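What follows is a set of notes on a single structure, which appears directly below.
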Amino acid sequence: MNQDEIRDELMRSARRWARTAVDAYLEEPADQDFAVHHMAVAVEHLAKACLVSIAPTLLANPKPSVEDLLVLGGREDKVATGRAGLRTVGGAEAVTRLAHLGQDKVPAQLGALREARNGVTHMGWGRPSDECRDLLVAGVTYIDSLLPTLSKKPEWFWENHHQVCKDLVERTTDELKLRYAAKIRRAQATFATKTAGLSASEKTAVVASLSAPLPSRWLLHIPAQCPACDSPAFISGRDKSGDYGDIWFFPRFFGCRVCELTLTGPELDLADMRARSLRTEEEVDDDWEPDFDFM
């Protein structure tokens, strides 16, 4: 198979899984597990289609076999089993690689969508119905963000489900914005109460005494400024190794001890707390050579 054939097959598969996911969600009663599982598969396949559109070798497993490289390099004829035994990168790494290539607007709930799929696949553990919609919206949002890379439009991808998906995203976003704004106002009121009547130095001392991260299941903490009270706080989450030694941070929880604001899931997107690279050193120019005239 050549590059275009692999890309197109992955796109067709992504469309099929995505439409089936929406069908499951619209059933009466809704099949939450199927909806979440199928949407996560659609996200993975479309992410892989984007990687292939750049270079098929970007699909390679972190430790590819010779056979894997031959198939991805267009020499499937040299492999006895053809593409049947091809091992490719997983869904999480596909998203990480796209982020490294500039597609770094990853919804905070995308990781939760993938985890929910794994729960359904391996243990039959689904998510509560009130979480299902947020997870589907994360999938729809990410898919729509990838389509321009493939020169496709949402209308083409979703077909007769396009308006449903659009309404789902807009309704969920509006509700999230209302809840987020209410959380910010409550946190600001808490901050005002805690610091009422304090001098500037006393207020600084209070903020400093409450600078530790709030407890969470996530052990990696990144400093951040609180969107409610502007105090130093922390985003907690997980890291993932990317290519060439790059490390990516995926936020899962924000907590501020000063105003007691906590944010999770899509609320992190509204606060602009998104996945980002933790690599801080300057990029090295591979063509750089020392100037011996100055040595």
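Following the order of the structure tokens, first chain is A, next is B, and so on, with residues numbered from 1 inside each chain and ligands from 1 in the order they appear.
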
Sort by chain and increasing residue number a table of all residues of segment 124-167 of chain A within 12 Å of segment 260-279 of chain A, each with its closest pair of atoms and their distance in Å to one decimal, counting only C-alpha atoms, and write it as a Markdown table.
```
| residue | atom | partner | partner_atom | distance |
| --- | --- | --- | --- | --- |
| A:Glu131 | CA | A:Gly265 | CA | 10.0 |
| A:Arg133 | CA | A:Pro266 | CA | 11.4 |
| A:Asp134 | CA | A:Pro266 | CA | 7.6 |
| A:Leu135 | CA | A:Gly265 | CA | 9.1 |
| A:Leu136 | CA | A:Pro266 | CA | 11.6 |
| A:Val137 | CA | A:Pro266 | CA | 9.5 |
| A:Ala138 | CA | A:Pro266 | CA | 8.0 |
| A:Gly139 | CA | A:Pro266 | CA | 11.8 |
| A:Thr141 | CA | A:Pro266 | CA | 11.2 |
```

From the DSSP assignment of the backbone, select every residue of segment 25-239 of chain A that is helix (DSSP H, G or I), and format the answer as a PyMOL selection string. chain A and resi 25-26+32-54+56-59+66-72+76-78+82-85+91-100+110-123+129-150+154-195+200-209

Two-atom distance - atom CA of Ala192 of chain A, atom CA of Ser216 of chain A (Å):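 Result for atom CA of Ala192 of chain A versus atom CA of Ser216 of chain A: 25.2 Å, one decimal.
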
Selected residue of minimal separation from Glu44 of chain A among A:Val79, A:Ala108, A:Met123, A:Leu146, counting only C-alpha atoms: A:Leu146

Could you pull the residues within 7 Å of segment 88-93 of chain A, counting only C-alpha atoms, minus those fewer than 4 positions along the same chain, as a list in words? Glu44, Leu59, Ala60, Asn61, Pro62 and Arg97 of chain A

What lies within 7 Å of Ile222 of chain A using only C-alpha atoms, ignoring chain neighbours under 3 positions off, as a list in words?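 Skipping anything fewer than 3 positions along the chain leaves Phe234, Ile235 and Ser236 of chain A.
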
Between A:Lys105, A:Arg117, A:Gln3, A:Val140, single out the one closest to Arg75 of chain A, counting only C-alpha atoms.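 The answer is A:Gln3, which sits nearest to Arg75 of chain A.
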
For Thr20 of chain A: contacts at 10 Å, only C-alpha atoms, fewer than 5 positions along chain excluded, given as a PyMOL selection string: chain A and resi 14-15+25-26+34-35+38-39+42

Writer output for current selection, N, CA, C and O atoms, as a PDB file, in the first residue's frame:
```
ATOM      1  N   ALA A  14     -12.030   5.777  10.441  1.00  0.00           N
ATOM      2  CA  ALA A  14     -12.367   6.776  11.455  1.00  0.00           C
ATOM      3  C   ALA A  14     -13.803   7.262  11.283  1.00  0.00           C
ATOM      4  O   ALA A  14     -14.552   7.400  12.266  1.00  0.00           O
ATOM      5  N   ARG A  15     -14.217   7.510  10.055  1.00  0.00           N
ATOM      6  CA  ARG A  15     -15.594   7.969   9.797  1.00  0.00           C
ATOM      7  C   ARG A  15     -16.605   6.917  10.239  1.00  0.00           C
ATOM      8  O   ARG A  15     -17.622   7.230  10.852  1.00  0.00           O
ATOM      9  N   TYR A  25     -24.946   6.835  20.834  1.00  0.00           N
ATOM     10  CA  TYR A  25     -25.314   7.873  21.799  1.00  0.00           C
ATOM     11  C   TYR A  25     -26.759   8.324  21.602  1.00  0.00           C
ATOM     12  O   TYR A  25     -27.453   8.669  22.573  1.00  0.00           O
ATOM     13  N   LEU A  26     -27.239   8.315  20.346  1.00  0.00           N
ATOM     14  CA  LEU A  26     -28.581   8.796  20.046  1.00  0.00           C
ATOM     15  C   LEU A  26     -29.659   7.731  20.238  1.00  0.00           C
ATOM     16  O   LEU A  26     -30.847   8.022  20.137  1.00  0.00           O
ATOM     17  N   PHE A  34     -20.700   1.831  24.178  1.00  0.00           N
ATOM     18  CA  PHE A  34     -20.375   1.755  22.756  1.00  0.00           C
ATOM     19  C   PHE A  34     -20.015   3.131  22.203  1.00  0.00           C
ATOM     20  O   PHE A  34     -19.088   3.260  21.401  1.00  0.00           O
ATOM     21  N   ALA A  35     -20.739   4.152  22.618  1.00  0.00           N
ATOM     22  CA  ALA A  35     -20.483   5.507  22.117  1.00  0.00           C
ATOM     23  C   ALA A  35     -19.070   5.952  22.453  1.00  0.00           C
ATOM     24  O   ALA A  35     -18.325   6.443  21.594  1.00  0.00           O
ATOM     25  N   HIS A  38     -16.313   3.605  20.661  1.00  0.00           N
ATOM     26  CA  HIS A  38     -16.179   3.821  19.222  1.00  0.00           C
ATOM     27  C   HIS A  38     -15.610   5.201  18.895  1.00  0.00           C
ATOM     28  O   HIS A  38     -14.865   5.354  17.927  1.00  0.00           O
ATOM     29  N   MET A  39     -15.943   6.205  19.706  1.00  0.00           N
ATOM     30  CA  MET A  39     -15.389   7.541  19.457  1.00  0.00           C
ATOM     31  C   MET A  39     -13.881   7.541  19.682  1.00  0.00           C
ATOM     32  O   MET A  39     -13.122   8.186  18.935  1.00  0.00           O
ATOM     33  N   ALA A  42     -12.224   6.052  16.713  1.00  0.00           N
ATOM     34  CA  ALA A  42     -12.246   7.015  15.605  1.00  0.00           C
ATOM     35  C   ALA A  42     -11.143   8.056  15.755  1.00  0.00           C
ATOM     36  O   ALA A  42     -10.464   8.409  14.779  1.00  0.00           O
TER      37      ALA A  42
END
```

Write out as a PyMOL selection string all residues of segment 45-259 of chain A that DSSP puts in strand (DSSP E or B) for this structure's backbone. chain A and resi 60+88+220-225+232-241+247-255

Which value, in Å to one decimal, gives the distance between atom CA of Ala21 of chain A and atom CA of Gln103 of chain A?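 Taking atom CA of Ala21 of chain A and atom CA of Gln103 of chain A, their separation equals 23.6 Å.
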
Applying 10 Å and only C-alpha atoms, which residues near Pro215 of chain A remain after dropping the ones on its own chain fewer than 2 positions away? List them as a PDB file with all heavy atoms, in the first residue's frame.
```pdb
ATOM      1  N   ALA A 212       1.456  25.174  48.471  1.00  0.00           N
ATOM      2  CA  ALA A 212       1.674  23.759  48.143  1.00  0.00           C
ATOM      3  C   ALA A 212       0.537  23.242  47.249  1.00  0.00           C
ATOM      4  O   ALA A 212      -0.593  23.744  47.292  1.00  0.00           O
ATOM      5  CB  ALA A 212       1.743  22.929  49.425  1.00  0.00           C
ATOM      6  N   PRO A 213       0.814  22.217  46.430  1.00  0.00           N
ATOM      7  CA  PRO A 213      -0.240  21.638  45.576  1.00  0.00           C
ATOM      8  C   PRO A 213      -1.341  20.981  46.401  1.00  0.00           C
ATOM      9  O   PRO A 213      -1.079  20.427  47.474  1.00  0.00           O
ATOM     10  CB  PRO A 213       0.511  20.585  44.758  1.00  0.00           C
ATOM     11  CG  PRO A 213       1.949  20.938  44.855  1.00  0.00           C
ATOM     12  CD  PRO A 213       2.123  21.598  46.188  1.00  0.00           C
ATOM     13  N   ARG A 217      -4.788  12.530  42.561  1.00  0.00           N
ATOM     14  CA  ARG A 217      -4.236  11.225  42.176  1.00  0.00           C
ATOM     15  C   ARG A 217      -3.042  11.367  41.249  1.00  0.00           C
ATOM     16  O   ARG A 217      -2.325  10.411  40.980  1.00  0.00           O
ATOM     17  CB  ARG A 217      -5.312  10.382  41.481  1.00  0.00           C
ATOM     18  CG  ARG A 217      -5.889  11.010  40.247  1.00  0.00           C
ATOM     19  CD  ARG A 217      -6.880  10.111  39.539  1.00  0.00           C
ATOM     20  NE  ARG A 217      -6.225   8.993  38.883  1.00  0.00           N
ATOM     21  CZ  ARG A 217      -6.754   8.357  37.843  1.00  0.00           C
ATOM     22  NH1 ARG A 217      -7.934   8.712  37.363  1.00  0.00           N
ATOM     23  NH2 ARG A 217      -6.117   7.348  37.280  1.00  0.00           N
ATOM     24  N   TRP A 218      -2.807  12.591  40.742  1.00  0.00           N
ATOM     25  CA  TRP A 218      -1.723  12.828  39.796  1.00  0.00           C
ATOM     26  C   TRP A 218      -0.504  13.355  40.539  1.00  0.00           C
ATOM     27  O   TRP A 218      -0.595  14.300  41.308  1.00  0.00           O
ATOM     28  CB  TRP A 218      -2.174  13.812  38.718  1.00  0.00           C
ATOM     29  CG  TRP A 218      -3.462  13.393  38.084  1.00  0.00           C
ATOM     30  CD1 TRP A 218      -4.709  13.890  38.330  1.00  0.00           C
ATOM     31  CD2 TRP A 218      -3.639  12.348  37.136  1.00  0.00           C
ATOM     32  NE1 TRP A 218      -5.655  13.232  37.588  1.00  0.00           N
ATOM     33  CE2 TRP A 218      -5.025  12.269  36.843  1.00  0.00           C
ATOM     34  CE3 TRP A 218      -2.768  11.460  36.502  1.00  0.00           C
ATOM     35  CZ2 TRP A 218      -5.546  11.356  35.944  1.00  0.00           C
ATOM     36  CZ3 TRP A 218      -3.288  10.548  35.596  1.00  0.00           C
ATOM     37  CH2 TRP A 218      -4.664  10.497  35.330  1.00  0.00           C
ATOM     38  N   LEU A 219       0.636  12.756  40.285  1.00  0.00           N
ATOM     39  CA  LEU A 219       1.830  13.045  41.071  1.00  0.00           C
ATOM     40  C   LEU A 219       2.734  14.113  40.454  1.00  0.00           C
ATOM     41  O   LEU A 219       3.629  14.617  41.121  1.00  0.00           O
ATOM     42  CB  LEU A 219       2.640  11.755  41.272  1.00  0.00           C
ATOM     43  CG  LEU A 219       1.894  10.619  41.986  1.00  0.00           C
ATOM     44  CD1 LEU A 219       2.793   9.398  42.119  1.00  0.00           C
ATOM     45  CD2 LEU A 219       1.396  11.079  43.356  1.00  0.00           C
ATOM     46  N   SER A 236      -1.864  19.600  38.065  1.00  0.00           N
ATOM     47  CA  SER A 236      -1.391  18.229  38.230  1.00  0.00           C
ATOM     48  C   SER A 236      -1.796  17.413  37.010  1.00  0.00           C
ATOM     49  O   SER A 236      -2.821  17.674  36.381  1.00  0.00           O
ATOM     50  CB  SER A 236      -1.983  17.604  39.493  1.00  0.00           C
ATOM     51  OG  SER A 236      -1.664  18.383  40.628  1.00  0.00           O
ATOM     52  N   PHE A 253      -5.770  18.060  36.507  1.00  0.00           N
ATOM     53  CA  PHE A 253      -6.388  18.681  37.685  1.00  0.00           C
ATOM     54  C   PHE A 253      -5.662  19.979  38.010  1.00  0.00           C
ATOM     55  O   PHE A 253      -4.439  20.062  37.916  1.00  0.00           O
ATOM     56  CB  PHE A 253      -6.292  17.723  38.879  1.00  0.00           C
ATOM     57  CG  PHE A 253      -6.763  18.296  40.195  1.00  0.00           C
ATOM     58  CD1 PHE A 253      -8.114  18.330  40.511  1.00  0.00           C
ATOM     59  CD2 PHE A 253      -5.850  18.815  41.113  1.00  0.00           C
ATOM     60  CE1 PHE A 253      -8.550  18.854  41.725  1.00  0.00           C
ATOM     61  CE2 PHE A 253      -6.272  19.338  42.323  1.00  0.00           C
ATOM     62  CZ  PHE A 253      -7.631  19.364  42.626  1.00  0.00           C
ATOM     63  N   GLY A 255      -5.572  22.964  41.146  1.00  0.00           N
ATOM     64  CA  GLY A 255      -6.053  23.304  42.479  1.00  0.00           C
ATOM     65  C   GLY A 255      -5.308  24.489  43.056  1.00  0.00           C
ATOM     66  O   GLY A 255      -4.087  24.589  42.931  1.00  0.00           O
TER      67      GLY A 255
END
```

From A:Lys63, A:His45, A:Lys194, A:Lys153, residue lying nearest Ala18 of chain A [only C-alpha atoms]: A:His45

Work out how far apart atom CA of Ala112 of chain A and atom CA of Thr190 of chain A are and give it in Å to one decimal. 29.9 Å
